[in-house]
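This is my_file17.cif (mmCIF, C-alpha atoms).
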```
data_work
loop_
_atom_site.label_atom_id
_atom_site.label_comp_id
_atom_site.auth_asym_id
_atom_site.auth_seq_id
_atom_site.Cartn_x
_atom_site.Cartn_y
_atom_site.Cartn_z
CA PHE A 217 0.00 0.00 0.00
CA LEU A 218 2.71 2.49 0.96
CA HIS A 219 4.73 1.47 -2.09
CA SER A 220 1.91 2.40 -4.48
CA PHE A 221 1.06 5.56 -2.52
CA PHE A 222 4.50 7.17 -2.50
CA LEU A 223 6.10 6.01 -5.76
CA GLY A 224 5.60 7.88 -9.01
CA GLY A 225 6.38 11.33 -7.62
CA PRO A 226 7.02 14.14 -7.29
CA ARG A 227 3.30 14.66 -7.77
CA HIS A 228 1.19 17.77 -7.42
CA ASP A 229 -2.56 17.27 -7.88
CA ARG A 230 -3.91 20.42 -9.55
CA ARG A 231 -7.48 19.17 -9.17
CA MET A 232 -7.05 19.93 -5.48
CA CYS A 233 -4.64 22.87 -5.47
CA ILE A 234 -4.11 25.38 -8.28
CA ASP A 235 -2.06 28.17 -6.69
CA TYR A 236 0.86 27.07 -4.55
CA ALA A 237 4.16 28.32 -3.18
CA ALA A 238 7.23 26.09 -3.39
CA ILE A 239 9.73 26.36 -0.56
CA LYS A 240 13.15 24.74 -0.85
CA GLY A 241 13.89 22.61 2.19
CA GLY A 242 17.13 21.60 3.83
CA GLY A 243 18.76 25.01 3.65
CA GLY A 244 18.62 24.93 -0.17
CA MET A 245 20.44 21.59 -0.63
CA ASP A 246 19.94 20.13 -4.11
CA ASP A 247 18.79 16.71 -2.89
CA GLU A 248 16.04 18.20 -0.68
CA PRO A 249 12.64 18.46 -2.41
CA PHE A 250 10.47 21.55 -2.45
CA MET A 251 7.67 21.79 0.07
CA HIS A 252 4.44 22.84 -1.64
CA VAL A 253 2.11 25.13 0.30
CA CYS A 254 -1.37 25.38 -1.20
CA MET A 255 -2.43 29.03 -1.33
CA ASP A 256 -5.92 28.62 -2.85
CA HIS A 257 -7.84 29.16 0.38
CA ILE A 258 -5.20 31.01 2.38
CA LEU A 259 -5.39 33.97 0.02
CA ASP A 260 -9.11 34.37 0.80
CA ALA A 261 -8.91 33.59 4.51
CA THR A 262 -10.15 36.21 6.96
CA ASP A 263 -8.71 34.39 9.98
CA CYS A 264 -5.51 32.52 9.16
CA ASN A 265 -3.83 30.60 12.00
CA VAL A 266 -0.65 28.60 11.39
CA LEU A 267 1.41 26.24 13.55
CA SER A 268 4.95 25.26 12.53
CA PHE A 269 6.73 22.40 14.33
CA GLY A 270 10.44 21.62 13.85
CA ILE A 271 12.16 24.85 12.78
CA ASP A 272 15.90 24.09 13.05
CA TYR A 273 16.61 27.83 12.58
CA GLN A 274 14.89 27.87 9.16
CA PHE A 275 11.89 30.19 9.07
CA LEU A 276 11.14 30.29 5.31
CA PHE A 277 7.70 28.72 5.71
CA ASP A 278 6.87 30.85 8.74
CA LYS A 279 7.86 34.06 6.92
CA LEU A 280 5.77 33.07 3.90
CA MET A 281 2.69 32.62 6.06
CA LEU A 282 3.28 35.93 7.83
CA LYS A 283 3.38 37.67 4.42
CA GLN A 284 -0.11 36.27 3.75
CA GLY A 285 -1.42 38.01 6.89
CA CYS A 286 -1.53 34.86 9.00
CA ARG A 287 -0.78 34.55 12.68
CA VAL A 288 2.09 32.09 13.09
CA TRP A 289 3.29 30.13 16.11
CA SER A 290 6.63 28.31 15.74
CA PHE A 291 7.86 25.46 17.94
CA ASP A 292 11.27 23.81 18.35
CA PRO A 293 12.70 22.66 21.70
CA SER A 294 16.10 21.90 20.15
CA MET A 295 16.97 25.53 19.35
CA LYS A 296 19.08 27.62 21.70
CA ASN A 297 17.34 30.20 23.85
CA GLY A 298 17.00 33.49 22.03
CA ASN A 299 14.63 36.02 20.52
CA TYR A 300 13.26 34.48 17.33
CA THR A 301 10.15 36.64 17.03
CA LEU A 302 9.69 37.74 13.41
CA SER A 303 6.79 40.19 13.77
CA GLU A 304 3.89 41.15 16.02
CA ASP A 305 1.90 38.27 14.50
CA HIS A 306 4.58 35.69 15.30
CA LYS A 307 5.63 33.85 18.44
CA PHE A 308 8.30 31.21 19.02
CA PHE A 309 8.31 28.56 21.75
CA ASN A 310 11.06 26.16 22.86
CA VAL A 311 8.41 23.45 23.07
CA GLY A 312 7.79 20.29 21.04
CA ILE A 313 4.59 18.58 19.94
CA GLY A 314 3.44 15.40 21.66
CA ILE A 315 0.34 13.31 22.26
CA LYS A 316 0.12 14.77 25.79
CA ASP A 317 1.71 17.50 27.88
CA ALA A 318 4.95 16.10 29.29
CA ASN A 319 8.65 16.58 29.88
CA VAL A 320 10.89 14.40 27.72
CA THR A 321 13.84 13.28 29.85
CA GLY A 322 17.25 11.89 29.07
CA ASP A 323 16.13 8.28 29.37
CA THR A 324 13.65 8.70 26.49
CA LYS A 325 14.78 8.39 22.86
CA SER A 326 14.73 11.83 21.26
CA THR A 327 13.09 12.38 17.88
CA LEU A 328 14.72 15.77 17.42
CA TYR A 329 17.21 16.22 14.60
CA THR A 330 19.79 17.49 17.09
CA ARG A 331 19.16 14.50 19.42
CA ALA A 332 18.42 17.02 22.17
CA GLN A 333 16.84 15.65 25.32
CA ASN A 334 15.17 17.03 28.47
CA TYR A 335 12.59 19.25 26.79
CA GLN A 336 8.89 20.06 27.10
CA VAL A 337 6.16 18.85 24.74
CA LYS A 338 2.51 19.85 24.56
CA SER A 339 -0.48 18.26 22.87
CA LEU A 340 -2.21 19.98 19.97
CA SER A 341 -5.36 20.51 22.03
CA SER A 342 -3.34 22.27 24.76
CA ILE A 343 -1.57 24.47 22.21
CA MET A 344 -4.82 25.45 20.48
CA LYS A 345 -6.38 26.28 23.84
CA GLN A 346 -3.35 28.37 24.81
CA MET A 347 -3.46 30.25 21.51
CA GLY A 348 -7.21 30.74 21.69
CA VAL A 349 -8.00 29.14 18.32
CA ASP A 350 -10.42 26.37 17.41
CA ARG A 351 -9.38 25.94 13.75
CA LEU A 352 -6.00 25.87 12.01
CA SER A 353 -5.40 27.01 8.45
CA VAL A 354 -2.04 25.24 8.09
CA VAL A 355 -0.01 22.93 10.30
CA ARG A 356 3.58 22.12 9.30
CA LEU A 357 5.13 19.08 10.98
CA ASP A 358 8.80 18.03 10.73
CA VAL A 359 9.56 16.03 13.87
CA GLU A 360 11.96 13.31 12.69
CA GLY A 361 9.70 10.26 13.09
CA ALA A 362 7.46 11.37 15.96
CA GLU A 363 4.78 12.30 13.40
CA TRP A 364 3.26 8.80 13.32
CA SER A 365 2.05 8.65 16.92
CA ILE A 366 1.04 12.32 16.74
CA LEU A 367 -1.00 11.88 13.54
CA LYS A 368 -2.65 8.74 14.92
CA ASP A 369 -3.63 10.69 18.04
CA TRP A 370 -5.09 13.53 15.96
CA ILE A 371 -7.09 11.04 13.87
CA ASP A 372 -8.32 9.12 16.93
CA SER A 373 -9.34 12.31 18.76
CA GLY A 374 -10.88 14.02 15.74
CA LEU A 375 -8.51 17.01 15.98
CA ILE A 376 -7.39 16.31 12.42
CA HIS A 377 -10.76 17.71 11.25
CA ARG A 378 -9.84 21.12 12.66
CA ILE A 379 -6.90 21.42 10.26
CA ASP A 380 -7.44 22.78 6.73
CA GLN A 381 -3.95 22.00 5.40
CA LEU A 382 -1.28 19.68 6.77
CA LEU A 383 2.36 19.69 5.60
CA VAL A 384 4.29 16.70 6.94
CA GLU A 385 7.77 15.36 6.36
CA ILE A 386 7.19 11.61 6.60
CA HIS A 387 9.98 9.47 8.08
CA MET A 388 10.05 5.68 7.77
CA TRP A 389 13.36 4.95 9.44
CA LYS A 390 14.81 1.46 8.87
CA ASP A 391 11.61 -0.40 8.00
CA ILE A 392 7.86 -0.16 7.38
CA GLN A 393 5.87 -0.33 10.60
CA PRO A 394 2.15 -1.19 11.02
CA ILE A 395 1.46 2.35 12.28
CA HIS A 396 2.74 3.77 8.98
CA VAL A 397 0.13 1.87 6.99
CA GLU A 398 -2.62 2.54 9.55
CA VAL A 399 -2.10 6.32 9.58
CA ILE A 400 -1.95 6.70 5.78
CA ARG A 401 -5.02 4.48 5.28
CA ARG A 402 -7.06 6.31 7.94
CA MET A 403 -6.00 9.84 7.00
CA PRO A 404 -9.25 11.77 6.37
CA MET A 405 -7.42 14.44 4.36
CA LEU A 406 -6.49 14.24 0.67
CA PRO A 407 -2.86 14.36 -0.54
CA PHE A 408 -2.06 17.12 -3.04
CA TRP A 409 1.76 16.85 -2.97
CA THR A 410 4.28 14.05 -2.45
CA ALA A 411 8.02 14.11 -3.16
CA ARG A 412 10.85 11.87 -2.02
CA ASN A 413 13.63 13.45 0.02
CA ARG A 414 16.74 12.13 -1.73
CA GLY A 415 18.96 13.44 1.03
CA HIS A 416 18.08 10.06 2.54
CA ASN A 417 19.06 7.55 -0.16
CA ARG A 418 18.35 4.33 1.72
CA GLN A 419 15.53 2.25 0.24
CA ILE A 420 13.39 0.30 2.66
CA TYR A 421 11.28 -1.67 0.16
CA MET A 422 11.23 -1.87 -3.67
CA ARG A 423 12.48 1.68 -4.35
CA LEU A 424 10.45 3.07 -1.44
CA GLY A 425 12.58 5.67 0.33
CA GLU A 426 12.78 6.59 3.99
CA VAL A 427 11.67 10.26 3.86
CA TYR A 428 8.98 12.09 1.88
CA GLU A 429 7.56 15.61 1.81
CA THR A 430 3.76 15.45 1.80
CA GLY A 431 0.94 17.98 1.63
CA TRP A 432 -2.68 17.25 2.63
CA LEU A 433 -5.90 19.23 2.34
CA ARG A 434 -9.19 18.99 4.13
CA ASN A 435 -11.62 17.05 1.93
CA ARG A 436 -13.26 19.85 -0.04
CA THR A 437 -14.88 19.52 -3.46
CA MET A 438 -12.19 18.89 -6.07
CA VAL A 439 -11.32 21.94 -8.15
CA ASP A 440 -12.17 21.85 -11.87
CA VAL A 441 -9.05 23.09 -13.66
CA SER A 442 -10.14 22.28 -17.23
CA GLY A 443 -9.01 25.15 -19.42
CA HIS A 444 -7.29 26.84 -16.49
CA ASP A 445 -3.91 28.48 -17.10
CA SER A 446 -0.85 27.06 -15.36
CA PRO A 447 -0.72 28.12 -11.71
CA GLY A 448 1.41 31.09 -10.74
CA THR A 449 3.92 29.09 -8.76
CA ARG A 450 6.04 31.07 -6.32
CA GLN A 451 9.36 29.72 -5.12
CA SER A 452 11.17 30.59 -1.91
CA ARG A 453 14.73 29.58 -1.16
#
```

Structure rendered as C-alpha cells:
Amino acid sequence: FLHSFFLGGPRHDRRMCIDYAAIKGGGGMDDEPFMHVCMDHILDATDCNVLSFGIDYQFLFDKLMLKQGCRVWSFDPSMKNGNYTLSEDHKFFNVGIGIKDANVTGDTKSTLYTRAQNYQVKSLSSIMKQMGVDRLSVVRLDVEGAEWSILKDWIDSGLIHRIDQLLVEIHMWKDIQPIHVEVIRRMPMLPFWTARNRGHNRQIYMRLGEVYETGWLRNRTMVDVSGHDSPGTRQSR
C-alpha cells in the first residue's frame, strides 16, 4: 500500500490545489525536495492561523505565512534560547509537539534532529487552547519520526478535522511499521503533494525511500481546472 502511494512522484494534484508556493527545504540543498504550500484558500482567509513544528533555525515557511497576513506560532525545543520573534503576528516557543503534555527526559529516545533531550512537549489541544483558536489554516510538521504517533492521536481524537492544510515530512526509518500503513489508510485528508527526500538515499522496500515531503488538504470539493492556465507558482529559497 505504501509502495503504491509514494512512488511515481514528485506529484502535485492540480485538481485539489491550483495556486501554490514552493519552498526549498534543507537550507537549499539540491537533494532536498520543495515543500508545496497550497495558497488557494489562504489567500481568501479572513482568519488565518498557522502552527509550525520543527524549525531548526529555518523560518522560510513561517515568513511566507506571515506575508499572507496569517498569525504564526513556531515550535522547536532543540533551538538555543533566544529572541526568534519575526513580527507582532509571530511567536516562538522552545516546546515540542506530543500526544500529551509532558517533559521528555534523558532516558527517552529523542526524535529531534539534534538529538536534544530534556525538553517540554505539549499536545495539539493544549496548544490550540493556549493560543485561543479552534481551527487551524495550516499545520507544518517536521519532527523526525514522531509524526506517526502524533497523527494517529489527531485522527483518533478528531482534531485532524480542525486542520485545513497539513504539511508533513514523513519518516520511515529502517523499515515499514504497522502504524505507517494505519495512519496513511485512515488519513481523512487528501494528498495534493508528495516528493521523495533524496537526502536520505536508503531504500526500505522496492524503491520506497525513507523520507517524503507530503501535503494534505481537508476534503473539499475537487477543483475543476479544465481550461485553467498554469498556476502562478512562487518559489522561496

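Those residues returned by the PyMOL selection byres ((chain A and resi 263) around 12) for this file are His257, Ile258, Leu259, Asp260, Ala261, Thr262, Cys264, Asn265, Val266, Gln284, Gly285, Cys286, Arg287, Val288, Val349, Asp350, Arg351, Leu352, Ser353 and Val354 of chain A.
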
Using the chain letters and numbers from the file, which residues does the PyMOL selection byres ((chain A and resi 336) around 8) grab, as a ChimeraX atom specification? /A:293,310-312,317-320,334-335,337-338

Draw an axis-aligned box over all listed atoms of region 365-381 of chain A, pad each side with 4 Å, and write its centre and edge lengths in Å, one decimal, as AutoDock Vina command-line options.
```
--center_x -4.4 --center_y 15.7 --center_z 12.1 --size_x 20.9 --size_y 22.1 --size_z 21.4
```

Selection dump of the PyMOL selection byres ((chain A and resi 356) around 7), as a PyMOL selection string: chain A and resi 267-269+354-355+357-358+382-384

Which neighbours of Asn413 (chain A) fall inside 7 Å, counting only C-alpha atoms, when residues of the same chain fewer than 5 positions from it are skipped, and could you give them as number ranges by chain? A: 247-249, 427-429

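For the choices A:Gln346, A:Asn435, A:Ser290, A:Gln381, the atom-to-atom distance to His306 (chain A) is smallest for A:Ser290 when using all atoms listed in the file.
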
For CA of Phe291 (chain A) and CA of Arg227 (chain A), determine how far apart the two atoms are, in Å to one decimal place. 28.3 Å

Distance criterion (all atoms listed in the file): nearest to Ile313 (chain A) out of A:Ile366, A:Ile371, A:Met344, A:Leu280: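 Residue with the minimum atom-to-atom distance to Ile313 (chain A): A:Ile366.
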
Quote the spacing between CA of Leu367 (chain A) and CA of Met347 (chain A) in Å to one decimal place. 20.2 Å

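The residue that comes closest to Glu385 (chain A), out of A:Lys296, A:Lys283, A:Arg412, A:Lys345 and on the basis of only C-alpha atoms, is A:Arg412.
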
Answer as a VMD selection string, residues within 6 Å of (7.8, 11.1, 8.9) using all atoms listed in the file: chain A and resid 361 363 385 to 388

Could you tell me how far CA of Glu426 (chain A) lies from CA of Thr410 (chain A), in Å and to one decimal?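 Those two atoms sit 13.0 Å apart.
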
Which residue is closest to Gln393 (chain A)? Choose from A:Met405, A:Ile343, A:Leu375, A:Trp364 and count only C-alpha atoms.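 Looking only at the distances to Gln393 (chain A), the closest residue turns out to be A:Trp364.
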
Counting all atoms listed in the file, the residue among A:Arg230, A:Lys279, A:Lys307, A:Arg434 that lies closest to Asp292 (chain A) is A:Lys307

Could you tell me which of A:Tyr236, A:Phe309, A:Trp370, A:Trp409 comes closest to Gly270 (chain A) if we count all atoms listed in the file? A:Phe309

Skipping near chain neighbours, those fewer than 6 positions away, what residues fall within 7 Å of Met251 (chain A) using all atoms listed in the file, listed as a ChimeraX atom specification? /A:238-241,429
